[in-house]
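What follows is data.pdb (PDB, C-alpha atoms).
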ATOM      1  CA  GLU X   1       0.000   0.000   0.000  1.00  0.00           C
ATOM      2  CA  ALA X   2       1.329   3.392  -1.004  1.00  0.00           C
ATOM      3  CA  ALA X   3       2.111   5.622   1.942  1.00  0.00           C
ATOM      4  CA  VAL X   4       2.464   9.365   2.175  1.00  0.00           C
ATOM      5  CA  THR X   5       2.682  10.986   5.580  1.00  0.00           C
ATOM      6  CA  GLN X   6       2.612  14.658   6.491  1.00  0.00           C
ATOM      7  CA  SER X   7       3.634  16.618   9.558  1.00  0.00           C
ATOM      8  CA  PRO X   8       2.349  18.455  11.355  1.00  0.00           C
ATOM      9  CA  ARG X   9      -1.304  17.534  10.819  1.00  0.00           C
ATOM     10  CA  SER X  10      -2.358  20.956  11.954  1.00  0.00           C
ATOM     11  CA  LYS X  11      -0.597  24.186  12.772  1.00  0.00           C
ATOM     12  CA  VAL X  12      -1.377  27.675  13.925  1.00  0.00           C
ATOM     13  CA  ALA X  13       1.100  30.287  12.730  1.00  0.00           C
ATOM     14  CA  VAL X  14       1.445  34.028  13.157  1.00  0.00           C
ATOM     15  CA  THR X  15       1.467  36.429  10.266  1.00  0.00           C
ATOM     16  CA  GLY X  16       5.024  37.054   9.125  1.00  0.00           C
ATOM     17  CA  GLY X  17       6.366  33.924  10.718  1.00  0.00           C
ATOM     18  CA  LYS X  18       8.090  31.032   8.993  1.00  0.00           C
ATOM     19  CA  VAL X  19       6.229  27.771   8.471  1.00  0.00           C
ATOM     20  CA  THR X  20       7.638  24.470   7.263  1.00  0.00           C
ATOM     21  CA  LEU X  21       5.372  21.611   6.236  1.00  0.00           C
ATOM     22  CA  SER X  22       6.956  18.207   5.810  1.00  0.00           C
ATOM     23  CA  CYS X  23       6.074  15.232   3.657  1.00  0.00           C
ATOM     24  CA  HIS X  24       7.513  11.727   3.615  1.00  0.00           C
ATOM     25  CA  GLN X  25       6.738   8.923   1.183  1.00  0.00           C
ATOM     26  CA  THR X  26       7.660   5.281   1.215  1.00  0.00           C
ATOM     27  CA  ASN X  27       6.422   4.554  -2.313  1.00  0.00           C
ATOM     28  CA  ASN X  28       9.798   4.870  -3.985  1.00  0.00           C
ATOM     29  CA  HIS X  29       8.174   7.417  -6.305  1.00  0.00           C
ATOM     30  CA  ASP X  30      10.196   9.970  -8.190  1.00  0.00           C
ATOM     31  CA  TYR X  31       7.483  12.635  -8.348  1.00  0.00           C
ATOM     32  CA  MET X  32       6.190  14.580  -5.360  1.00  0.00           C
ATOM     33  CA  TYR X  33       3.723  17.458  -5.241  1.00  0.00           C
ATOM     34  CA  TRP X  34       2.352  20.096  -2.913  1.00  0.00           C
ATOM     35  CA  TYR X  35      -1.249  21.242  -3.301  1.00  0.00           C
ATOM     36  CA  ARG X  36      -3.422  23.609  -1.365  1.00  0.00           C
ATOM     37  CA  GLN X  37      -7.128  23.087  -0.974  1.00  0.00           C
ATOM     38  CA  ASP X  38      -9.563  25.893  -0.378  1.00  0.00           C
ATOM     39  CA  THR X  39     -13.306  25.711  -0.308  1.00  0.00           C
ATOM     40  CA  GLY X  40     -14.597  26.536  -3.757  1.00  0.00           C
ATOM     41  CA  HIS X  41     -11.223  26.150  -5.437  1.00  0.00           C
ATOM     42  CA  GLY X  42     -10.533  22.465  -5.281  1.00  0.00           C
ATOM     43  CA  LEU X  43      -6.892  21.426  -5.464  1.00  0.00           C
ATOM     44  CA  ARG X  44      -4.249  23.767  -6.801  1.00  0.00           C
ATOM     45  CA  LEU X  45      -0.648  22.779  -7.479  1.00  0.00           C
ATOM     46  CA  ILE X  46       2.005  24.859  -5.677  1.00  0.00           C
ATOM     47  CA  HIS X  47       5.300  23.093  -6.362  1.00  0.00           C
ATOM     48  CA  TYR X  48       6.428  19.714  -7.557  1.00  0.00           C
ATOM     49  CA  SER X  49       9.655  17.758  -7.886  1.00  0.00           C
ATOM     50  CA  TYR X  50      10.770  14.867 -10.022  1.00  0.00           C
ATOM     51  CA  VAL X  51      14.217  14.318  -8.519  1.00  0.00           C
ATOM     52  CA  ALA X  52      16.038  15.028  -5.281  1.00  0.00           C
ATOM     53  CA  ASP X  53      17.619  18.469  -4.943  1.00  0.00           C
ATOM     54  CA  SER X  54      15.360  19.910  -7.633  1.00  0.00           C
ATOM     55  CA  THR X  55      11.955  21.569  -7.457  1.00  0.00           C
ATOM     56  CA  GLU X  56       9.625  23.120 -10.025  1.00  0.00           C
ATOM     57  CA  LYS X  57       6.928  25.746  -9.802  1.00  0.00           C
ATOM     58  CA  GLY X  58       3.310  24.733 -10.151  1.00  0.00           C
ATOM     59  CA  ASP X  59       0.318  26.928 -10.817  1.00  0.00           C
ATOM     60  CA  ILE X  60       0.384  29.062  -7.641  1.00  0.00           C
ATOM     61  CA  PRO X  61       4.007  29.201  -6.354  1.00  0.00           C
ATOM     62  CA  ASP X  62       4.053  32.793  -5.105  1.00  0.00           C
ATOM     63  CA  GLY X  63       4.784  32.986  -1.389  1.00  0.00           C
ATOM     64  CA  TYR X  64       5.990  29.390  -1.203  1.00  0.00           C
ATOM     65  CA  LYS X  65       9.297  27.620  -1.492  1.00  0.00           C
ATOM     66  CA  ALA X  66       9.912  23.900  -1.726  1.00  0.00           C
ATOM     67  CA  SER X  67      12.792  21.635  -0.828  1.00  0.00           C
ATOM     68  CA  ARG X  68      13.475  18.027  -1.888  1.00  0.00           C
ATOM     69  CA  PRO X  69      16.517  16.850   0.076  1.00  0.00           C
ATOM     70  CA  SER X  70      15.943  13.180  -0.769  1.00  0.00           C
ATOM     71  CA  GLN X  71      13.630  11.024  -2.840  1.00  0.00           C
ATOM     72  CA  GLU X  72      11.490  10.348   0.225  1.00  0.00           C
ATOM     73  CA  ASN X  73      11.144  13.855   1.628  1.00  0.00           C
ATOM     74  CA  PHE X  74       9.576  17.013   0.269  1.00  0.00           C
ATOM     75  CA  SER X  75       8.994  20.185   2.283  1.00  0.00           C
ATOM     76  CA  LEU X  76       6.902  23.270   1.696  1.00  0.00           C
ATOM     77  CA  ILE X  77       8.209  26.482   3.210  1.00  0.00           C
ATOM     78  CA  LEU X  78       6.300  29.662   3.887  1.00  0.00           C
ATOM     79  CA  GLU X  79       9.007  32.237   4.671  1.00  0.00           C
ATOM     80  CA  LEU X  80       6.563  34.990   5.630  1.00  0.00           C
ATOM     81  CA  ALA X  81       3.191  33.459   6.370  1.00  0.00           C
ATOM     82  CA  SER X  82       0.164  35.530   5.447  1.00  0.00           C
ATOM     83  CA  LEU X  83      -3.521  35.321   6.281  1.00  0.00           C
ATOM     84  CA  SER X  84      -4.288  34.297   2.696  1.00  0.00           C
ATOM     85  CA  GLN X  85      -2.212  31.147   3.149  1.00  0.00           C
ATOM     86  CA  THR X  86      -4.699  29.680   5.596  1.00  0.00           C
ATOM     87  CA  ALA X  87      -5.725  26.444   3.880  1.00  0.00           C
ATOM     88  CA  VAL X  88      -5.343  22.684   3.919  1.00  0.00           C
ATOM     89  CA  TYR X  89      -2.130  21.507   2.294  1.00  0.00           C
ATOM     90  CA  PHE X  90      -1.744  18.130   0.670  1.00  0.00           C
ATOM     91  CA  CYS X  91       1.378  16.339  -0.378  1.00  0.00           C
ATOM     92  CA  ALA X  92       1.216  13.649  -3.046  1.00  0.00           C
ATOM     93  CA  SER X  93       3.559  11.296  -4.829  1.00  0.00           C
ATOM     94  CA  SER X  94       3.400   9.504  -8.141  1.00  0.00           C
ATOM     95  CA  ASP X  95       5.502   7.104 -10.109  1.00  0.00           C
ATOM     96  CA  VAL X  96       5.607   8.363 -13.681  1.00  0.00           C
ATOM     97  CA  GLY X  97       4.612  12.006 -13.558  1.00  0.00           C
ATOM     98  CA  LEU X  98       1.448  14.042 -13.340  1.00  0.00           C
ATOM     99  CA  GLY X  99      -0.792  13.352 -16.285  1.00  0.00           C
ATOM    100  CA  ILE X 100       1.602  10.940 -17.954  1.00  0.00           C
ATOM    101  CA  ASN X 101       0.413   7.456 -18.903  1.00  0.00           C
ATOM    102  CA  GLN X 102      -2.537   7.486 -16.522  1.00  0.00           C
ATOM    103  CA  ASP X 103      -0.227   8.051 -13.585  1.00  0.00           C
ATOM    104  CA  THR X 104      -1.928   7.856 -10.173  1.00  0.00           C
ATOM    105  CA  GLN X 105      -1.218  10.288  -7.381  1.00  0.00           C
ATOM    106  CA  TYR X 106      -1.152   9.083  -3.794  1.00  0.00           C
ATOM    107  CA  PHE X 107      -2.077  11.784  -1.326  1.00  0.00           C
ATOM    108  CA  GLY X 108      -1.132  12.314   2.273  1.00  0.00           C
ATOM    109  CA  PRO X 109      -3.733  13.103   4.944  1.00  0.00           C
ATOM    110  CA  GLY X 110      -3.190  16.851   4.744  1.00  0.00           C
ATOM    111  CA  THR X 111      -2.000  19.631   7.026  1.00  0.00           C
ATOM    112  CA  ARG X 112      -4.511  22.179   8.212  1.00  0.00           C
ATOM    113  CA  LEU X 113      -2.751  25.548   8.491  1.00  0.00           C
ATOM    114  CA  LEU X 114      -4.298  28.543  10.211  1.00  0.00           C
ATOM    115  CA  VAL X 115      -2.429  31.832   9.944  1.00  0.00           C
ATOM    116  CA  LEU X 116      -3.482  34.467  12.480  1.00  0.00           C
TER     117      LEU X 116
ATOM    118  CA  GLN O   1     -10.337  29.964 -17.195  1.00  0.00           C
ATOM    119  CA  GLN O   2     -11.597  26.857 -15.482  1.00  0.00           C
ATOM    120  CA  GLN O   3     -10.450  23.940 -17.618  1.00  0.00           C
ATOM    121  CA  VAL O   4     -12.659  21.410 -15.859  1.00  0.00           C
ATOM    122  CA  ARG O   5     -16.112  22.332 -14.656  1.00  0.00           C
ATOM    123  CA  GLN O   6     -17.822  20.118 -12.139  1.00  0.00           C
ATOM    124  CA  SER O   7     -21.424  20.077 -11.014  1.00  0.00           C
ATOM    125  CA  PRO O   8     -23.268  20.156  -8.786  1.00  0.00           C
ATOM    126  CA  GLN O   9     -21.211  21.777  -6.038  1.00  0.00           C
ATOM    127  CA  SER O  10     -23.085  19.734  -3.455  1.00  0.00           C
ATOM    128  CA  LEU O  11     -25.633  16.960  -3.571  1.00  0.00           C
ATOM    129  CA  THR O  12     -27.793  15.069  -1.089  1.00  0.00           C
ATOM    130  CA  VAL O  13     -29.334  11.709  -1.917  1.00  0.00           C
ATOM    131  CA  TRP O  14     -31.206   9.052   0.018  1.00  0.00           C
ATOM    132  CA  GLU O  15     -29.612   5.751   0.825  1.00  0.00           C
ATOM    133  CA  GLY O  16     -30.249   3.309  -2.001  1.00  0.00           C
ATOM    134  CA  GLY O  17     -30.630   6.026  -4.600  1.00  0.00           C
ATOM    135  CA  THR O  18     -28.490   6.777  -7.634  1.00  0.00           C
ATOM    136  CA  THR O  19     -25.990   9.617  -7.524  1.00  0.00           C
ATOM    137  CA  VAL O  20     -24.918  11.382 -10.710  1.00  0.00           C
ATOM    138  CA  LEU O  21     -22.003  13.785 -10.803  1.00  0.00           C
ATOM    139  CA  THR O  22     -20.938  15.535 -13.979  1.00  0.00           C
ATOM    140  CA  CYS O  23     -17.899  17.284 -15.390  1.00  0.00           C
ATOM    141  CA  SER O  24     -17.238  19.141 -18.598  1.00  0.00           C
ATOM    142  CA  TYR O  25     -13.979  20.263 -20.115  1.00  0.00           C
ATOM    143  CA  GLU O  26     -12.671  22.532 -22.834  1.00  0.00           C
ATOM    144  CA  ASP O  27      -9.450  21.102 -24.167  1.00  0.00           C
ATOM    145  CA  SER O  28     -10.067  18.483 -26.846  1.00  0.00           C
ATOM    146  CA  THR O  29      -6.596  17.031 -26.272  1.00  0.00           C
ATOM    147  CA  PHE O  30      -7.564  15.713 -22.840  1.00  0.00           C
ATOM    148  CA  ASN O  31      -7.530  11.937 -22.975  1.00  0.00           C
ATOM    149  CA  TYR O  32      -7.415  10.677 -19.400  1.00  0.00           C
ATOM    150  CA  PHE O  33     -10.071  11.361 -16.780  1.00  0.00           C
ATOM    151  CA  PRO O  34      -9.639  10.132 -13.222  1.00  0.00           C
ATOM    152  CA  TRP O  35     -12.139  10.578 -10.411  1.00  0.00           C
ATOM    153  CA  TYR O  36     -10.842  11.048  -6.889  1.00  0.00           C
ATOM    154  CA  GLN O  37     -12.796  10.465  -3.677  1.00  0.00           C
ATOM    155  CA  GLN O  38     -11.975  12.418  -0.542  1.00  0.00           C
ATOM    156  CA  PHE O  39     -13.355  11.660   2.916  1.00  0.00           C
ATOM    157  CA  PRO O  40     -13.302  14.364   5.607  1.00  0.00           C
ATOM    158  CA  GLY O  41      -9.879  14.686   7.181  1.00  0.00           C
ATOM    159  CA  GLU O  42      -8.200  12.599   4.506  1.00  0.00           C
ATOM    160  CA  GLY O  43      -6.420  13.167   1.235  1.00  0.00           C
ATOM    161  CA  PRO O  44      -8.059  12.356  -2.100  1.00  0.00           C
ATOM    162  CA  ALA O  45      -7.759   8.801  -3.384  1.00  0.00           C
ATOM    163  CA  LEU O  46      -8.230   7.496  -6.910  1.00  0.00           C
ATOM    164  CA  LEU O  47     -11.685   5.991  -7.281  1.00  0.00           C
ATOM    165  CA  ILE O  48     -12.028   5.185 -10.963  1.00  0.00           C
ATOM    166  CA  SER O  49     -10.598   6.467 -14.219  1.00  0.00           C
ATOM    167  CA  ILE O  50     -11.347   6.331 -17.926  1.00  0.00           C
ATOM    168  CA  LEU O  51      -9.451   6.907 -21.136  1.00  0.00           C
ATOM    169  CA  SER O  52     -10.930   8.777 -24.058  1.00  0.00           C
ATOM    170  CA  VAL O  53     -10.943   5.611 -26.186  1.00  0.00           C
ATOM    171  CA  SER O  54     -13.694   4.222 -23.933  1.00  0.00           C
ATOM    172  CA  ASP O  55     -17.183   5.480 -23.238  1.00  0.00           C
ATOM    173  CA  LYS O  56     -17.867   3.563 -20.049  1.00  0.00           C
ATOM    174  CA  LYS O  57     -16.015   1.977 -17.188  1.00  0.00           C
ATOM    175  CA  GLU O  58     -17.484   0.141 -14.225  1.00  0.00           C
ATOM    176  CA  ASP O  59     -16.110  -0.738 -10.842  1.00  0.00           C
ATOM    177  CA  GLY O  60     -18.716  -2.239  -8.572  1.00  0.00           C
ATOM    178  CA  ARG O  61     -21.343   0.372  -7.786  1.00  0.00           C
ATOM    179  CA  PHE O  62     -19.334   3.103  -9.512  1.00  0.00           C
ATOM    180  CA  THR O  63     -19.527   3.764 -13.242  1.00  0.00           C
ATOM    181  CA  THR O  64     -17.970   6.577 -15.196  1.00  0.00           C
ATOM    182  CA  PHE O  65     -19.255   7.591 -18.618  1.00  0.00           C
ATOM    183  CA  PHE O  66     -17.363   9.595 -21.208  1.00  0.00           C
ATOM    184  CA  ASN O  67     -18.852  11.549 -24.105  1.00  0.00           C
ATOM    185  CA  LYS O  68     -16.103  12.820 -26.373  1.00  0.00           C
ATOM    186  CA  ARG O  69     -18.375  14.737 -28.722  1.00  0.00           C
ATOM    187  CA  GLU O  70     -19.951  16.734 -25.916  1.00  0.00           C
ATOM    188  CA  LYS O  71     -16.710  16.902 -23.860  1.00  0.00           C
ATOM    189  CA  LYS O  72     -18.500  15.614 -20.817  1.00  0.00           C
ATOM    190  CA  LEU O  73     -18.044  12.865 -18.299  1.00  0.00           C
ATOM    191  CA  SER O  74     -20.107  11.626 -15.431  1.00  0.00           C
ATOM    192  CA  LEU O  75     -19.838   9.439 -12.362  1.00  0.00           C
ATOM    193  CA  HIS O  76     -22.815   7.297 -11.406  1.00  0.00           C
ATOM    194  CA  ILE O  77     -23.106   5.658  -8.018  1.00  0.00           C
ATOM    195  CA  ILE O  78     -25.883   3.122  -7.764  1.00  0.00           C
ATOM    196  CA  ASP O  79     -27.345   1.975  -4.444  1.00  0.00           C
ATOM    197  CA  SER O  80     -25.699   4.943  -2.737  1.00  0.00           C
ATOM    198  CA  GLN O  81     -24.607   4.279   0.828  1.00  0.00           C
ATOM    199  CA  PRO O  82     -23.923   6.622   3.767  1.00  0.00           C
ATOM    200  CA  GLY O  83     -20.303   5.507   3.500  1.00  0.00           C
ATOM    201  CA  ASP O  84     -20.169   7.114   0.056  1.00  0.00           C
ATOM    202  CA  SER O  85     -20.554  10.535   1.667  1.00  0.00           C
ATOM    203  CA  ALA O  86     -17.427  12.347   0.553  1.00  0.00           C
ATOM    204  CA  THR O  87     -16.157  14.967  -1.853  1.00  0.00           C
ATOM    205  CA  TYR O  88     -15.599  13.797  -5.410  1.00  0.00           C
ATOM    206  CA  PHE O  89     -13.166  15.419  -7.812  1.00  0.00           C
ATOM    207  CA  CYS O  90     -12.936  14.821 -11.514  1.00  0.00           C
ATOM    208  CA  ALA O  91      -9.696  15.586 -13.302  1.00  0.00           C
ATOM    209  CA  ALA O  92      -8.513  15.756 -16.876  1.00  0.00           C
ATOM    210  CA  SER O  93      -5.156  15.237 -18.478  1.00  0.00           C
ATOM    211  CA  SER O  94      -3.662  15.346 -21.947  1.00  0.00           C
ATOM    212  CA  ASN O  95      -0.813  13.003 -21.076  1.00  0.00           C
ATOM    213  CA  THR O  96       1.783  15.734 -21.505  1.00  0.00           C
ATOM    214  CA  GLY O  97       2.686  16.557 -17.938  1.00  0.00           C
ATOM    215  CA  TYR O  98       1.455  18.645 -15.055  1.00  0.00           C
ATOM    216  CA  GLN O  99       0.891  21.640 -17.254  1.00  0.00           C
ATOM    217  CA  ASN O 100      -2.139  19.894 -18.650  1.00  0.00           C
ATOM    218  CA  PHE O 101      -3.580  18.186 -15.608  1.00  0.00           C
ATOM    219  CA  TYR O 102      -6.573  19.888 -14.054  1.00  0.00           C
ATOM    220  CA  PHE O 103      -8.854  19.126 -11.129  1.00  0.00           C
ATOM    221  CA  GLY O 104     -12.474  20.181 -10.963  1.00  0.00           C
ATOM    222  CA  LYS O 105     -13.606  22.061  -7.872  1.00  0.00           C
ATOM    223  CA  GLY O 106     -15.313  19.034  -6.395  1.00  0.00           C
ATOM    224  CA  THR O 107     -18.797  17.859  -5.470  1.00  0.00           C
ATOM    225  CA  SER O 108     -19.701  17.292  -1.841  1.00  0.00           C
ATOM    226  CA  LEU O 109     -22.002  14.266  -1.600  1.00  0.00           C
ATOM    227  CA  THR O 110     -24.138  13.455   1.421  1.00  0.00           C
ATOM    228  CA  VAL O 111     -26.061  10.191   1.522  1.00  0.00           C
ATOM    229  CA  ILE O 112     -28.871  10.203   4.075  1.00  0.00           C
ATOM    230  CA  PRO O 113     -29.804   6.889   5.711  1.00  0.00           C
TER     231      PRO O 113
END
For the structure just supplied, provide its representation as structure tokens.
Amino acid sequence: EAAVTQSPRSKVAVTGGKVTLSCHQTNNHDYMYWYRQDTGHGLRLIHYSYVADSTEKGDIPDGYKASRPSQENFSLILELASLSQTAVYFCASSDVGLGINQDTQYFGPGTRLLVL
Amino acid sequence: QQQVRQSPQSLTVWEGGTTVLTCSYEDSTFNYFPWYQQFPGEGPALLISILSVSDKKEDGRFTTFFNKREKKLSLHIIDSQPGDSATYFCAASSNTGYQNFYFGKGTSLTVIP
């Protein structure tokens, strides 16, 4: 069974503070993704990575950085958290690559972030 | 511009009834359409998917239909159960990478016993 874990599961942060969300996968997948989910917007891709030590911008990267120190780990970093970044964040992994050859994404349980 | 439109936004059905969720898309190059199911407090999980070469795919009580001419797809759940209560996302892909992979905004389904 594919496994993607996220930490923390929930977090309260102050505006202007730094937030780091972590993701770990045991699927041996090359691709990892960070999404945010907001009511009425569905899932939106922030950053993704297809190899360690390399990250790519997704559809809404502004205000976020990503780090992929190893195949198993992928972090999302909010250097200066803002109120608008309150959302649920999901990490996912996949084998072949998003949209390629009917590739399936395996999602983590999510991190609920509240910025005050 | 929303590449994948999903409706309705929310839906309530009685236990035992049939649920129908629909999606439409714009890009005629889309050829792969997965449906994801998300329970509260969990991440989405692949439920069923269909390729554009097919018009129907079944998996137990879940069936997805694809209409290439109308650029529409639907998810039918027969004998809906309270355990089916979840948010359902359709997605569309043109098999060319993330740049052409889009999620719909989701449908929140509630099945009343």
Answer key for the ChimeraX specification (/X :<12) & /O, residues as a ChimeraX atom specification: /O:2,4-10,30-52,87-108
Can I get the selected residues back with C-alpha atoms, as an mmCIF file, in the frame of the given file?
data_model
loop_
_atom_site.group_PDB
_atom_site.id
_atom_site.type_symbol
_atom_site.label_atom_id
_atom_site.label_comp_id
_atom_site.auth_asym_id
_atom_site.auth_seq_id
_atom_site.Cartn_x
_atom_site.Cartn_y
_atom_site.Cartn_z
ATOM 1 C CA GLN O 2 -11.597 26.857 -15.482
ATOM 2 C CA VAL O 4 -12.659 21.410 -15.859
ATOM 3 C CA ARG O 5 -16.112 22.332 -14.656
ATOM 4 C CA GLN O 6 -17.822 20.118 -12.139
ATOM 5 C CA SER O 7 -21.424 20.077 -11.014
ATOM 6 C CA PRO O 8 -23.268 20.156 -8.786
ATOM 7 C CA GLN O 9 -21.211 21.777 -6.038
ATOM 8 C CA SER O 10 -23.085 19.734 -3.455
ATOM 9 C CA PHE O 30 -7.564 15.713 -22.840
ATOM 10 C CA ASN O 31 -7.530 11.937 -22.975
ATOM 11 C CA TYR O 32 -7.415 10.677 -19.400
ATOM 12 C CA PHE O 33 -10.071 11.361 -16.780
ATOM 13 C CA PRO O 34 -9.639 10.132 -13.222
ATOM 14 C CA TRP O 35 -12.139 10.578 -10.411
ATOM 15 C CA TYR O 36 -10.842 11.048 -6.889
ATOM 16 C CA GLN O 37 -12.796 10.465 -3.677
ATOM 17 C CA GLN O 38 -11.975 12.418 -0.542
ATOM 18 C CA PHE O 39 -13.355 11.660 2.916
ATOM 19 C CA PRO O 40 -13.302 14.364 5.607
ATOM 20 C CA GLY O 41 -9.879 14.686 7.181
ATOM 21 C CA GLU O 42 -8.200 12.599 4.506
ATOM 22 C CA GLY O 43 -6.420 13.167 1.235
ATOM 23 C CA PRO O 44 -8.059 12.356 -2.100
ATOM 24 C CA ALA O 45 -7.759 8.801 -3.384
ATOM 25 C CA LEU O 46 -8.230 7.496 -6.910
ATOM 26 C CA LEU O 47 -11.685 5.991 -7.281
ATOM 27 C CA ILE O 48 -12.028 5.185 -10.963
ATOM 28 C CA SER O 49 -10.598 6.467 -14.219
ATOM 29 C CA ILE O 50 -11.347 6.331 -17.926
ATOM 30 C CA LEU O 51 -9.451 6.907 -21.136
ATOM 31 C CA SER O 52 -10.930 8.777 -24.058
ATOM 32 C CA THR O 87 -16.157 14.967 -1.853
ATOM 33 C CA TYR O 88 -15.599 13.797 -5.410
ATOM 34 C CA PHE O 89 -13.166 15.419 -7.812
ATOM 35 C CA CYS O 90 -12.936 14.821 -11.514
ATOM 36 C CA ALA O 91 -9.696 15.586 -13.302
ATOM 37 C CA ALA O 92 -8.513 15.756 -16.876
ATOM 38 C CA SER O 93 -5.156 15.237 -18.478
ATOM 39 C CA SER O 94 -3.662 15.346 -21.947
ATOM 40 C CA ASN O 95 -0.813 13.003 -21.076
ATOM 41 C CA THR O 96 1.783 15.734 -21.505
ATOM 42 C CA GLY O 97 2.686 16.557 -17.938
ATOM 43 C CA TYR O 98 1.455 18.645 -15.055
ATOM 44 C CA GLN O 99 0.891 21.640 -17.254
ATOM 45 C CA ASN O 100 -2.139 19.894 -18.650
ATOM 46 C CA PHE O 101 -3.580 18.186 -15.608
ATOM 47 C CA TYR O 102 -6.573 19.888 -14.054
ATOM 48 C CA PHE O 103 -8.854 19.126 -11.129
ATOM 49 C CA GLY O 104 -12.474 20.181 -10.963
ATOM 50 C CA LYS O 105 -13.606 22.061 -7.872
ATOM 51 C CA GLY O 106 -15.313 19.034 -6.395
ATOM 52 C CA THR O 107 -18.797 17.859 -5.470
ATOM 53 C CA SER O 108 -19.701 17.292 -1.841
#
Nearby residues (all atoms listed in the file) at most 9 Å from X:Ala52, same-chain spacing under 6 positions excluded, as a PyMOL selection string: chain X and resi 30+67-74
One-decimal distance in Å that lies between atom CA of O:Ser54 and atom CA of O:Thr29: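 Straight-line distance from atom CA of O:Thr29 to atom CA of O:Ser54 works out to 14.8 Å.
Closest approach to O:Thr22 among O:Asn67, O:Lys56, O:Leu75, O:Arg61: O:Leu75, based on all atoms listed in the file.
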Target residues per the PyMOL selection byres ((chain O and resi 17) around 6), formatted as an NGL selection string: :O and (14-16 or 18 or 79-80)
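Take atom CA of X:Gln6 and atom CA of O:Ser85: the distance between them is 24.0 Å.
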